[in-house]
$ cat my_file.tsv   # TSV, C-alpha atoms
chain	number	residue	atom	x	y	z
E	48	MET	CA	114.19	113.63	78.28
E	49	GLY	CA	110.45	113.15	77.67
E	50	TYR	CA	108.50	109.97	77.04
E	51	SER	CA	106.17	109.84	74.06
E	52	GLY	CA	104.48	106.44	74.69
E	53	ASP	CA	101.43	105.79	76.86
E	54	ILE	CA	100.99	104.15	80.25
E	55	GLY	CA	98.58	101.55	78.82
E	56	SER	CA	101.29	100.09	76.60
E	57	ILE	CA	103.67	99.85	79.57
E	58	GLU	CA	101.03	98.02	81.63
E	59	TYR	CA	100.35	95.68	78.74
E	60	GLU	CA	104.01	94.81	78.20
E	61	LEU	CA	104.62	94.35	81.93
E	62	GLY	CA	101.55	92.14	82.15
E	63	VAL	CA	102.82	89.88	79.38
E	64	LYS	CA	106.33	89.68	80.83
E	65	THR	CA	105.02	88.91	84.32
E	66	LEU	CA	102.89	86.06	82.97
E	67	GLU	CA	105.54	84.60	80.70
E	68	ARG	CA	107.77	83.86	83.66
E	69	TRP	CA	105.31	81.22	84.86
E	70	LEU	CA	104.47	79.47	81.62
E	71	ILE	CA	106.04	76.43	80.01
E	72	ARG	CA	104.82	75.50	76.56
E	73	PRO	CA	103.21	72.06	76.68
E	74	GLU	CA	104.21	69.46	74.10
E	75	LYS	CA	100.72	67.98	73.80
E	76	LYS	CA	97.65	70.14	73.37
E	77	MET	CA	93.89	69.73	73.69
E	78	ASN	CA	91.79	71.67	71.22
E	79	ILE	CA	90.57	74.48	73.48
E	80	SER	CA	88.15	77.24	72.56
E	81	LEU	CA	87.90	79.43	75.62
E	82	GLY	CA	84.95	81.78	76.12
E	83	ILE	CA	84.96	84.93	78.27
E	84	PRO	CA	81.46	86.40	78.77
E	85	ARG	CA	80.82	89.95	79.93
E	86	GLU	CA	80.06	89.84	83.66
E	87	ARG	CA	76.43	90.61	84.49
E	88	ALA	CA	76.33	90.13	88.27
E	89	ASN	CA	75.59	93.16	90.46
E	90	ASP	CA	78.39	95.72	90.10
E	91	GLU	CA	80.88	93.12	88.89
E	92	ARG	CA	83.42	95.17	86.96
E	93	ARG	CA	86.24	92.64	86.66
E	94	VAL	CA	87.03	90.45	83.67
E	95	ALA	CA	88.52	86.96	83.90
E	96	LEU	CA	91.50	87.65	81.62
E	97	SER	CA	93.36	90.78	80.64
E	98	PRO	CA	94.49	91.28	77.02
E	99	ALA	CA	97.97	90.18	78.09
E	100	GLY	CA	96.52	86.84	79.24
E	101	VAL	CA	94.60	86.42	76.00
E	102	LYS	CA	97.81	87.04	74.05
E	103	ILE	CA	99.64	84.27	75.94
E	104	LEU	CA	96.81	81.80	75.31
E	105	THR	CA	96.41	82.54	71.62
E	106	GLU	CA	100.16	82.23	71.09
E	107	ASN	CA	99.87	78.74	72.58
E	108	GLY	CA	97.14	77.65	70.20
E	109	VAL	CA	94.07	78.42	72.33
E	110	ARG	CA	91.20	80.18	70.60
E	111	VAL	CA	89.75	82.89	72.86
E	112	VAL	CA	86.19	84.08	72.22
E	113	ILE	CA	85.40	87.20	74.25
E	114	GLU	CA	82.11	89.06	74.37
E	115	LYS	CA	82.30	92.68	73.27
E	116	LYS	CA	82.71	95.17	76.12
E	117	ALA	CA	83.68	92.38	78.56
E	118	GLY	CA	86.71	94.37	79.69
E	119	VAL	CA	85.35	97.92	79.45
E	120	ALA	CA	84.64	98.27	83.19
E	121	SER	CA	88.27	97.26	83.84
E	122	ASN	CA	89.48	99.78	81.26
E	123	PHE	CA	90.42	97.15	78.67
E	124	SER	CA	89.10	98.00	75.21
E	125	ASP	CA	87.76	95.61	72.58
E	126	GLU	CA	90.60	96.77	70.35
E	127	GLU	CA	93.18	95.56	72.89
E	128	TYR	CA	91.60	92.11	72.97
E	129	ALA	CA	91.44	91.96	69.19
E	130	GLU	CA	95.12	92.96	68.91
E	131	ALA	CA	95.95	90.22	71.42
E	132	GLY	CA	94.36	87.65	69.13
E	133	GLY	CA	90.94	87.32	70.73
E	134	ASP	CA	87.78	86.77	68.65
E	135	LEU	CA	85.16	89.38	69.60
E	136	SER	CA	81.63	88.07	69.97
E	137	GLU	CA	78.42	90.05	69.64
E	138	SER	CA	76.38	88.21	72.28
E	139	LEU	CA	76.47	86.08	75.41
E	140	GLN	CA	74.83	83.20	73.57
E	141	ASP	CA	77.46	83.30	70.85
E	142	VAL	CA	80.25	82.99	73.43
E	143	TYR	CA	78.71	79.86	74.95
E	144	GLU	CA	78.01	78.28	71.58
E	145	ASN	CA	81.59	78.76	70.36
E	146	ALA	CA	83.56	77.69	73.43
E	147	ASN	CA	84.18	74.39	75.19
E	148	VAL	CA	85.65	76.13	78.25
E	149	ILE	CA	83.91	79.11	79.87
E	150	VAL	CA	85.93	81.32	82.22
E	151	LYS	CA	84.14	83.87	84.41
E	152	VAL	CA	84.78	85.89	87.54
E	153	SER	CA	81.40	85.63	89.28
E	154	PRO	CA	79.22	82.51	89.33
E	155	PRO	CA	76.96	82.28	86.27
E	156	LEU	CA	73.51	83.82	86.63
E	157	ILE	CA	70.24	81.99	86.03
E	158	GLU	CA	69.85	83.86	82.73
E	159	GLU	CA	73.02	82.17	81.50
E	160	LYS	CA	71.73	78.67	82.30
E	161	PRO	CA	70.11	77.94	78.89
E	162	PHE	CA	73.33	78.75	77.04
E	163	PHE	CA	75.50	76.02	78.57
E	164	GLN	CA	76.40	73.30	76.09
E	165	PRO	CA	76.60	69.61	77.10
E	166	GLY	CA	80.10	68.57	78.12
E	167	GLN	CA	81.47	72.12	78.60
E	168	MET	CA	83.88	73.12	81.34
E	169	LEU	CA	83.23	76.13	83.57
E	170	ILE	CA	85.86	77.88	85.68
E	171	SER	CA	84.60	80.67	87.97
E	172	ALA	CA	83.91	81.56	91.57
E	173	LEU	CA	81.20	79.49	93.28
E	174	HIS	CA	80.27	81.51	96.43
E	175	LEU	CA	78.93	78.83	98.75
E	176	GLY	CA	77.08	81.48	100.76
E	177	SER	CA	74.71	82.21	97.87
E	178	VAL	CA	74.93	79.10	95.70
E	179	SER	CA	72.13	78.43	93.20
E	180	LYS	CA	70.84	74.85	93.43
E	181	ALA	CA	69.07	75.25	90.08
E	182	MET	CA	72.35	76.16	88.41
E	183	VAL	CA	74.19	73.17	89.91
E	184	GLU	CA	71.33	70.90	88.80
E	185	THR	CA	71.86	72.19	85.25
E	186	PHE	CA	75.55	71.32	85.48
E	187	LEU	CA	74.69	67.77	86.48
E	188	GLU	CA	72.04	67.39	83.78
E	189	LYS	CA	74.31	68.73	81.03
E	190	ASN	CA	77.43	66.92	82.24
E	191	ILE	CA	79.26	70.21	82.86
E	192	THR	CA	82.67	69.98	84.51
E	193	ALA	CA	82.63	72.93	86.92
E	194	LEU	CA	85.61	74.27	88.86
E	195	GLY	CA	85.41	76.87	91.64
E	196	PHE	CA	88.11	79.43	92.39
E	197	GLU	CA	87.59	78.70	96.11
E	198	PHE	CA	88.62	75.05	95.72
E	199	ILE	CA	91.62	75.23	93.37
E	200	GLU	CA	94.46	74.17	95.64
E	201	THR	CA	98.18	73.48	95.24
E	202	ARG	CA	99.88	70.44	96.76
E	203	ASP	CA	101.12	72.48	99.72
E	204	GLY	CA	97.54	73.41	100.65
E	205	GLU	CA	97.67	76.94	99.22
E	206	LEU	CA	94.55	78.38	97.57
E	207	PRO	CA	96.29	80.62	95.01
E	208	ILE	CA	93.28	82.36	93.44
E	209	VAL	CA	91.58	82.90	96.78
E	210	ARG	CA	94.82	84.27	98.19
E	211	THR	CA	95.27	86.76	95.36
E	212	LEU	CA	91.75	88.14	95.71
E	213	SER	CA	92.03	88.09	99.51
E	214	GLU	CA	95.13	90.28	99.39
E	215	ILE	CA	93.12	92.91	97.53
E	216	ALA	CA	90.09	92.52	99.80
E	217	GLY	CA	92.21	92.92	102.93
E	218	SER	CA	93.75	96.16	101.74
E	219	LEU	CA	90.42	97.53	100.52
E	220	ALA	CA	88.77	96.69	103.84
E	221	ILE	CA	90.97	99.26	105.56
E	222	GLN	CA	90.43	101.93	102.90
E	223	THR	CA	86.68	101.33	103.17
E	224	ALA	CA	86.71	101.45	106.97
E	225	ALA	CA	88.59	104.75	106.91
E	226	LYS	CA	85.97	106.26	104.60
E	227	TYR	CA	82.94	105.17	106.59
E	228	LEU	CA	84.42	106.41	109.85
E	229	GLU	CA	84.21	109.92	108.40
E	230	THR	CA	81.47	112.18	109.72
E	231	GLY	CA	80.06	112.79	106.24
E	232	TYR	CA	79.31	109.09	105.86
E	233	GLY	CA	77.60	108.82	109.23
E	234	GLY	CA	80.68	107.54	111.02
E	235	SER	CA	82.03	108.49	114.41
E	236	GLY	CA	84.35	111.07	112.85
E	237	ILE	CA	87.61	109.36	113.79
E	238	LEU	CA	90.78	109.55	111.71
E	239	LEU	CA	92.01	106.00	111.33
E	240	GLY	CA	95.63	106.76	112.21
E	241	GLY	CA	95.03	109.66	114.60
E	242	ILE	CA	97.50	112.54	114.96
E	243	ALA	CA	99.90	113.74	117.64
E	244	GLY	CA	97.95	114.07	120.87
E	245	VAL	CA	94.85	112.33	119.47
E	246	PRO	CA	94.71	108.53	119.66
E	247	PRO	CA	94.08	106.50	116.49
E	248	ALA	CA	91.13	104.24	115.78
E	249	HIS	CA	91.03	100.73	117.22
E	250	ILE	CA	90.54	97.98	114.63
E	251	THR	CA	89.67	94.38	115.46
E	252	ILE	CA	90.28	91.83	112.72
E	253	ILE	CA	88.53	88.47	113.10
E	254	GLY	CA	90.62	85.91	111.25
E	255	ALA	CA	94.39	85.50	110.90
E	256	GLY	CA	94.36	84.47	107.23
E	257	THR	CA	95.35	86.33	104.08
E	258	VAL	CA	92.59	88.95	104.35
E	259	GLY	CA	93.54	89.55	107.96
E	260	LEU	CA	97.23	89.79	107.12
E	261	PHE	CA	96.81	92.47	104.47
E	262	ALA	CA	94.19	94.33	106.49
E	263	ALA	CA	96.49	94.40	109.52
E	264	GLN	CA	99.44	95.49	107.37
E	265	ASP	CA	97.56	98.44	105.87
E	266	ALA	CA	95.96	99.42	109.18
E	267	LEU	CA	99.33	99.49	110.93
E	268	GLY	CA	100.79	101.46	108.04
E	269	LEU	CA	98.15	104.14	108.63
E	270	GLY	CA	98.88	104.19	112.36
E	271	ALA	CA	95.79	102.42	113.71
E	272	GLN	CA	95.72	100.21	116.80
E	273	VAL	CA	95.17	96.63	115.65
E	274	THR	CA	93.94	93.52	117.44
E	275	VAL	CA	93.72	90.22	115.56
E	276	ILE	CA	91.69	87.32	116.89
E	277	ASP	CA	91.52	83.75	115.61
E	278	LYS	CA	90.61	80.33	116.95
E	279	GLU	CA	94.01	78.86	116.05
E	280	ILE	CA	96.88	79.86	118.35
E	281	ASN	CA	99.55	78.96	115.76
E	282	ARG	CA	98.10	81.47	113.30
E	283	LEU	CA	98.28	84.16	115.96
E	284	ARG	CA	101.88	83.25	116.76
E	285	ARG	CA	102.78	83.70	113.09
E	286	PHE	CA	101.06	87.10	113.04
E	287	GLU	CA	102.92	88.25	116.14
E	288	ALA	CA	106.23	87.17	114.62
E	289	PHE	CA	105.45	88.75	111.25
E	290	PHE	CA	104.47	92.11	112.77
E	291	ASN	CA	107.22	92.01	115.40
E	292	ARG	CA	104.61	92.18	118.19
E	293	HIS	CA	103.22	95.51	116.96
E	294	ILE	CA	99.71	94.06	117.07
E	295	VAL	CA	97.66	92.56	119.88
E	296	THR	CA	96.36	89.01	119.47
E	297	ALA	CA	93.66	87.06	121.27
E	298	ILE	CA	91.82	83.78	120.94
E	299	ALA	CA	88.44	84.18	119.24
E	300	ASN	CA	86.10	83.22	122.05
E	301	ASP	CA	82.88	84.86	123.25
E	302	HIS	CA	84.65	86.70	126.09
E	303	TYR	CA	87.27	88.44	123.95
E	304	ILE	CA	84.85	89.14	121.11
E	305	SER	CA	82.41	90.82	123.48
E	306	GLU	CA	85.18	92.81	125.16
E	307	LEU	CA	86.71	93.99	121.88
E	308	ALA	CA	83.34	94.94	120.36
E	309	GLY	CA	82.86	97.52	123.10
E	310	ILE	CA	86.15	99.31	122.37
E	311	SER	CA	86.51	98.87	118.59
E	312	ASP	CA	85.86	101.61	116.06
E	313	VAL	CA	86.09	99.02	113.26
E	314	MET	CA	85.51	95.26	113.24
E	315	ILE	CA	86.53	93.30	110.13
E	316	GLY	CA	85.20	89.80	109.50
E	317	ALA	CA	87.98	87.94	107.71
E	318	LEU	CA	87.23	84.30	108.43
E	319	SER	CA	88.19	81.89	105.66
E	320	PRO	CA	87.69	78.24	106.60
E	321	LYS	CA	88.43	76.00	103.64
E	322	GLN	CA	85.42	74.79	101.67
E	323	LYS	CA	82.87	75.52	104.40
E	324	ILE	CA	79.96	77.85	104.99
E	325	ILE	CA	80.93	80.52	107.50
E	326	LYS	CA	78.58	80.84	110.46
E	327	PRO	CA	78.25	84.06	112.48
E	328	ILE	CA	80.86	84.37	115.20
E	329	VAL	CA	79.63	87.79	116.45
E	330	SER	CA	76.07	87.76	117.78
E	331	GLU	CA	73.52	90.54	117.34
E	332	GLU	CA	73.64	91.22	121.09
E	333	VAL	CA	77.37	91.87	120.82
E	334	VAL	CA	76.91	94.17	117.80
E	335	LYS	CA	74.47	96.21	119.89
E	336	THR	CA	77.30	96.98	122.34
E	337	MET	CA	79.47	98.61	119.66
E	338	ARG	CA	79.93	102.38	119.65
E	339	GLN	CA	77.56	104.54	117.64
E	340	GLY	CA	79.15	105.37	114.29
E	341	SER	CA	81.50	102.39	114.38
E	342	VAL	CA	81.98	100.25	111.27
E	343	ILE	CA	81.66	96.56	110.40
E	344	ILE	CA	83.33	95.24	107.22
E	345	ASP	CA	82.22	91.65	106.60
E	346	VAL	CA	84.66	90.33	104.03
E	347	SER	CA	83.41	86.79	104.69
E	348	ILE	CA	79.97	87.55	103.24
E	349	ASP	CA	80.47	85.49	100.06
E	350	GLN	CA	80.96	82.32	102.11
E	351	GLY	CA	78.36	83.07	104.78
E	352	THR	CA	78.47	85.78	107.46
E	353	CYS	CA	80.87	86.64	110.26
E	354	PHE	CA	78.35	88.92	112.01
E	355	ALA	CA	74.76	87.91	112.82
E	356	THR	CA	73.59	91.33	111.58
E	357	SER	CA	75.24	91.07	108.15
E	358	ARG	CA	73.35	90.84	104.87
E	359	HIS	CA	74.50	91.15	101.26
E	360	THR	CA	75.06	94.64	99.88
E	361	THR	CA	76.40	95.87	96.53
E	362	HIS	CA	78.90	98.44	95.30
E	363	THR	CA	75.93	100.61	94.26
E	364	ASN	CA	74.35	100.40	97.73
E	365	PRO	CA	77.27	99.22	99.85
E	366	ILE	CA	76.14	99.99	103.39
E	367	PHE	CA	73.27	99.84	105.84
E	368	VAL	CA	73.07	100.94	109.47
E	369	LYS	CA	71.84	98.63	112.20
E	370	HIS	CA	72.02	99.34	115.94
E	371	GLY	CA	73.92	102.53	115.08
E	372	VAL	CA	76.70	100.54	113.36
E	373	THR	CA	77.54	100.98	109.66
E	374	HIS	CA	77.68	97.58	107.91
E	375	TYR	CA	79.62	97.09	104.66
E	376	CYS	CA	78.90	93.59	103.30
E	377	VAL	CA	79.83	93.58	99.60
E	378	PRO	CA	80.75	90.07	98.39
E	379	ASN	CA	82.92	91.13	95.44
E	380	ILE	CA	85.07	93.73	97.21
E	381	PRO	CA	88.01	93.47	94.74
E	382	SER	CA	85.69	94.67	91.96
E	383	ALA	CA	86.14	98.18	93.38
E	384	VAL	CA	89.63	98.13	91.83
E	385	ALA	CA	88.62	96.18	88.75
E	386	ARG	CA	91.75	96.78	86.68
E	387	THR	CA	94.20	95.74	89.39
E	388	ALA	CA	91.99	92.78	90.31
E	389	SER	CA	91.74	91.64	86.67
E	390	PHE	CA	95.52	91.78	86.23
E	391	ALA	CA	95.99	89.86	89.49
E	392	LEU	CA	93.38	87.26	88.57
E	393	THR	CA	94.97	86.77	85.14
E	394	ASN	CA	98.42	86.25	86.66
E	395	THR	CA	97.07	83.59	89.03
E	396	LEU	CA	94.57	81.89	86.74
E	397	LEU	CA	96.60	81.65	83.54
E	398	PRO	CA	98.99	78.85	84.59
E	399	PHE	CA	95.95	76.69	85.40
E	400	LEU	CA	94.36	77.48	82.03
E	401	MET	CA	97.57	76.46	80.31
E	402	LYS	CA	97.25	73.02	81.95
E	403	LEU	CA	94.09	72.48	79.91
E	404	THR	CA	96.23	72.23	76.78
E	405	ALA	CA	98.56	69.56	78.18
E	406	HIS	CA	96.24	66.56	77.70
E	407	GLU	CA	93.66	65.28	75.25
E	408	THR	CA	90.53	64.94	77.42
E	409	ILE	CA	89.00	66.57	80.49
E	410	THR	CA	89.41	63.29	82.39
E	411	ASP	CA	93.13	63.26	81.57
E	412	ILE	CA	93.46	66.91	82.59
E	413	LEU	CA	91.88	66.33	86.01
E	414	TRP	CA	93.74	63.06	86.54
E	415	ASN	CA	97.10	64.73	85.94
E	416	SER	CA	96.49	68.07	87.68
E	417	HIS	CA	96.12	67.99	91.45
E	418	SER	CA	95.05	71.64	91.56
E	419	LEU	CA	92.30	71.37	88.95
E	420	ARG	CA	91.10	68.07	90.42
E	421	LYS	CA	90.77	69.68	93.84
E	422	GLY	CA	88.96	72.62	92.25
E	423	THR	CA	86.22	70.51	90.65
E	424	TYR	CA	82.74	70.64	92.20
E	425	ALA	CA	80.65	69.09	89.40
E	426	PHE	CA	81.77	66.21	87.19
E	427	LYS	CA	80.02	63.44	85.26
E	428	GLY	CA	76.61	64.22	86.71
E	429	TYR	CA	77.68	64.38	90.36
E	430	VAL	CA	78.64	67.04	92.91
E	431	THR	CA	82.23	66.34	93.94
E	432	GLN	CA	82.54	68.76	96.88
E	433	LYS	CA	80.86	67.47	100.04
E	434	PRO	CA	79.93	70.91	101.50
E	435	LEU	CA	78.12	71.79	98.26
E	436	ALA	CA	76.29	68.46	98.25
E	437	GLU	CA	75.16	69.08	101.84
E	438	ILE	CA	73.83	72.53	100.93
E	439	THR	CA	71.98	71.45	97.79
E	440	GLY	CA	71.01	67.89	98.64
E	441	LEU	CA	72.30	66.77	95.23
E	442	PRO	CA	74.08	63.43	94.64
E	443	HIS	CA	77.73	63.36	95.72
E	444	ARG	CA	80.70	61.30	94.59
E	445	GLU	CA	84.40	61.76	95.27
E	446	ILE	CA	86.22	63.08	92.22
E	447	ASP	CA	88.97	60.46	92.56
E	448	MET	CA	86.40	57.67	92.41
E	449	LEU	CA	84.77	59.11	89.28
E	450	LEU	CA	88.14	59.47	87.57
E	451	ALA	CA	89.23	55.96	88.55
E	452	THR	CA	86.11	54.42	87.06
E	453	GLY	CA	86.72	56.19	83.74
$ encode --input "my_file.tsv" --output "structure tokens"
Amino acid sequence: MGYSGDIGSIEYELGVKTLERWLIRPEKKMNISLGIPRERANDERRVALSPAGVKILTENGVRVVIEKKAGVASNFSDEEYAEAGGDLSESLQDVYENANVIVKVSPPLIEEKPFFQPGQMLISALHLGSVSKAMVETFLEKNITALGFEFIETRDGELPIVRTLSEIAGSLAIQTAAKYLETGYGGSGILLGGIAGVPPAHITIIGAGTVGLFAAQDALGLGAQVTVIDKEINRLRRFEAFFNRHIVTAIANDHYISELAGISDVMIGALSPKQKIIKPIVSEEVVKTMRQGSVIIDVSIDQGTCFATSRHTTHTNPIFVKHGVTHYCVPNIPSAVARTASFALTNTLLPFLMKLTAHETITDILWNSHSLRKGTYAFKGYVTQKPLAEITGLPHREIDMLLATG
């Protein structure tokens, strides 16, 4: 028996059903007009919400204003958004002028700064490693309430949006490493998993977090030798238990890092300390000892650098070679699979967006939502995340204090 429908409709229906499982209709709603601009950052192909997410919001009384072609790079058409109930906008400026909540994937660019309206709310990534002080100053001047994906945290300490994107980044790190090991890309010409009689590549993963977990899982699935290093012994114990001792673990100190650099075909930087700038853990002298044609994937680049030799690259120009080692340092790795990443981001982000409709004011929303309160980094003219205040030198107040004083 044949099927006469199309795959797009199946994806759409599955997306809606997946999201509906998590949503409870609130009894009390704030008048929300939510704006989704087209992403303009380098090679950013994702969109903050899929049409399925827009449909859920509009059915719950939220107006969604979306810039035309915002979802094209993720293979979502304007027609799909219109059918889901979204209002298509002709320009970036129009989106900002007709929304009191702006939702983006990447941090806003300087060119977007003039369009912010006083008292708006922004929800997007922040990227501490490349934060714009001028943009944060604008938030303080215009009384913008800004929330960062990196800070939104559940009561059990989980960072749900970061975790979702980290799962994708971890898997892509292995696919990327396999590609750049190929001879045609200047690599050492090693097949990641090897074959009978020929040993596989050796991969060292620095960081036993979510990125490291999914990178190790995919690397083992391809047959590679995997070593995971981390500063916390309990994290390594959990990895050993999870992988049934099929990986090697070591404490991340200078001795082991130096030793592993000399034998690794791939080193993946997957450090993810909460709400901090990442400082290089692998020195340039150690990178020099790596094999010619080996590969570095620095997944930590959006929060700093894991390797002293790392610098930002883009999907258009993703690599550079230094000391004979190929470096891949793209901050928005999940954008390479924009459609999957947009679906995943929608699934994770939507329950938090629904919380916006549960109370009458932004102060009430933050007071009643632990996750959104933790995610706030600018509120009432102050920076509310200490690491950001230290980077920018801007005035800092604790969010709880600001909320308590009304």
$ closest_residue --input "my_file.tsv" --among "E:Ala146, E:Val152, E:Val111, E:Ile79" --to "E:Leu392" --atoms "only C-alpha atoms"
E:Val152
$ closest_residue --input "my_file.tsv" --among "E:Leu156, E:Glu197, E:Phe162, E:Pro327" --to "E:Ala181" --atoms "all atoms listed in the file"
E:Leu156
$ closest_residue --input "my_file.tsv" --among "E:Phe186, E:Tyr227, E:Phe390, E:Tyr143" --to "E:Thr211" --atoms "all atoms listed in the file"
E:Phe390
$ closest_residue --input "my_file.tsv" --among "E:Phe367, E:Tyr375, E:Phe286, E:Phe198" --to "E:Val313" --atoms "all atoms listed in the file"
E:Tyr375
$ closest_residue --input "my_file.tsv" --among "E:Val142, E:Leu307, E:Ile409, E:Val183" --to "E:Thr431" --atoms "all atoms listed in the file"
E:Val183
$ closest_residue --input "my_file.tsv" --among "E:Arg92, E:His302, E:Lys189, E:His293" --to "E:Phe426" --atoms "all atoms listed in the file"
E:Lys189
$ atom_distance --input "my_file.tsv" --atom1 "atom CA of E:Gly82" --atom2 "atom CA of E:Ser177"
24.0 Å
$ residues_around --input "my_file.tsv" --residues "E:Leu135" --least-positions-apart "3" --cutoff "12 Å" --atoms "only C-alpha atoms" --output "list in words"
Leu81, Gly82, Ile83, Pro84, Arg85, Val101, Arg110, Val111, Val112, Ile113, Glu114, Lys115, Lys116, Ala117, Gly118, Ser124, Asp125, Glu126, Glu127, Tyr128, Ala129, Glu130, Ala131, Gly132, Ser138, Leu139, Asp141, Val142 and Asn145 of chain E
$ residues_around --input "my_file.tsv" --residues "E:Lys151" --least-positions-apart "6" --cutoff "8 Å" --atoms "only C-alpha atoms" --output "list of chain:residue names"
E:Ile83, E:Pro84, E:Glu86, E:Val94, E:Ala95, E:Leu169, E:Ile170, E:Ser171, E:Ala172
$ closest_atom_pairs --input "my_file.tsv" --of "stretch 308-418 of chain E" --to "stretch 237-251 of chain E" --cutoff "10 Å" --atoms "only C-alpha atoms" --output "CSV"
residue,atom,partner,partner_atom,distance
E:Ala308,CA,E:Thr251,CA,8.0
E:Ile310,CA,E:His249,CA,7.2
E:Ser311,CA,E:His249,CA,5.1
E:Asp312,CA,E:His249,CA,5.4
E:Val313,CA,E:Ile250,CA,4.8
E:Met314,CA,E:Thr251,CA,4.8
E:Ile315,CA,E:Thr251,CA,6.3
E:Gly316,CA,E:Thr251,CA,8.7
E:Gly340,CA,E:Ile237,CA,9.4
E:Ser341,CA,E:Ile237,CA,9.3
E:Val342,CA,E:Ile250,CA,9.5
E:Ile343,CA,E:Thr251,CA,9.7
$ atom_distance --input "my_file.tsv" --atom1 "atom CA of E:Val368" --atom2 "atom CA of E:Phe354"
13.4 Å
$ residues_around --input "my_file.tsv" --residues "stretch 206-209 of chain E" --least-positions-apart "2" --cutoff "9 Å" --atoms "all atoms listed in the file" --output "list in words"
Phe196, Glu197, Phe198, Ile199, Glu200, Thr201, Gly204, Thr211, Leu212, Ser213, Glu214, Thr257, Lys321, Ala391, Leu392, Thr395 and Leu396 of chain E
$ write_last_selection --input "my_file.tsv" --atoms "C-alpha atoms" --output "mmCIF file, in the frame of the given file"
data_model
loop_
_atom_site.group_PDB
_atom_site.id
_atom_site.type_symbol
_atom_site.label_atom_id
_atom_site.label_comp_id
_atom_site.auth_asym_id
_atom_site.auth_seq_id
_atom_site.Cartn_x
_atom_site.Cartn_y
_atom_site.Cartn_z
ATOM 1 C CA PHE E 196 88.110 79.430 92.390
ATOM 2 C CA GLU E 197 87.590 78.700 96.110
ATOM 3 C CA PHE E 198 88.620 75.050 95.720
ATOM 4 C CA ILE E 199 91.620 75.230 93.370
ATOM 5 C CA GLU E 200 94.460 74.170 95.640
ATOM 6 C CA THR E 201 98.180 73.480 95.240
ATOM 7 C CA GLY E 204 97.540 73.410 100.650
ATOM 8 C CA THR E 211 95.270 86.760 95.360
ATOM 9 C CA LEU E 212 91.750 88.140 95.710
ATOM 10 C CA SER E 213 92.030 88.090 99.510
ATOM 11 C CA GLU E 214 95.130 90.280 99.390
ATOM 12 C CA THR E 257 95.350 86.330 104.080
ATOM 13 C CA LYS E 321 88.430 76.000 103.640
ATOM 14 C CA ALA E 391 95.990 89.860 89.490
ATOM 15 C CA LEU E 392 93.380 87.260 88.570
ATOM 16 C CA THR E 395 97.070 83.590 89.030
ATOM 17 C CA LEU E 396 94.570 81.890 86.740
#
$ atom_distance --input "my_file.tsv" --atom1 "atom CA of E:Met168" --atom2 "atom CA of E:Ala425"
9.6 Å
$ residues_around --input "my_file.tsv" --residues "E:Ile157" --least-positions-apart "3" --cutoff "12 Å" --atoms "all atoms listed in the file" --output "PyMOL selection string"
chain E and resi 87-88+154+160-163+178-186
$ residues_around --input "my_file.tsv" --residues "E:Phe289" --least-positions-apart "5" --cutoff "10 Å" --atoms "all atoms listed in the file" --output "PyMOL selection string"
chain E and resi 260+264+283-284+294
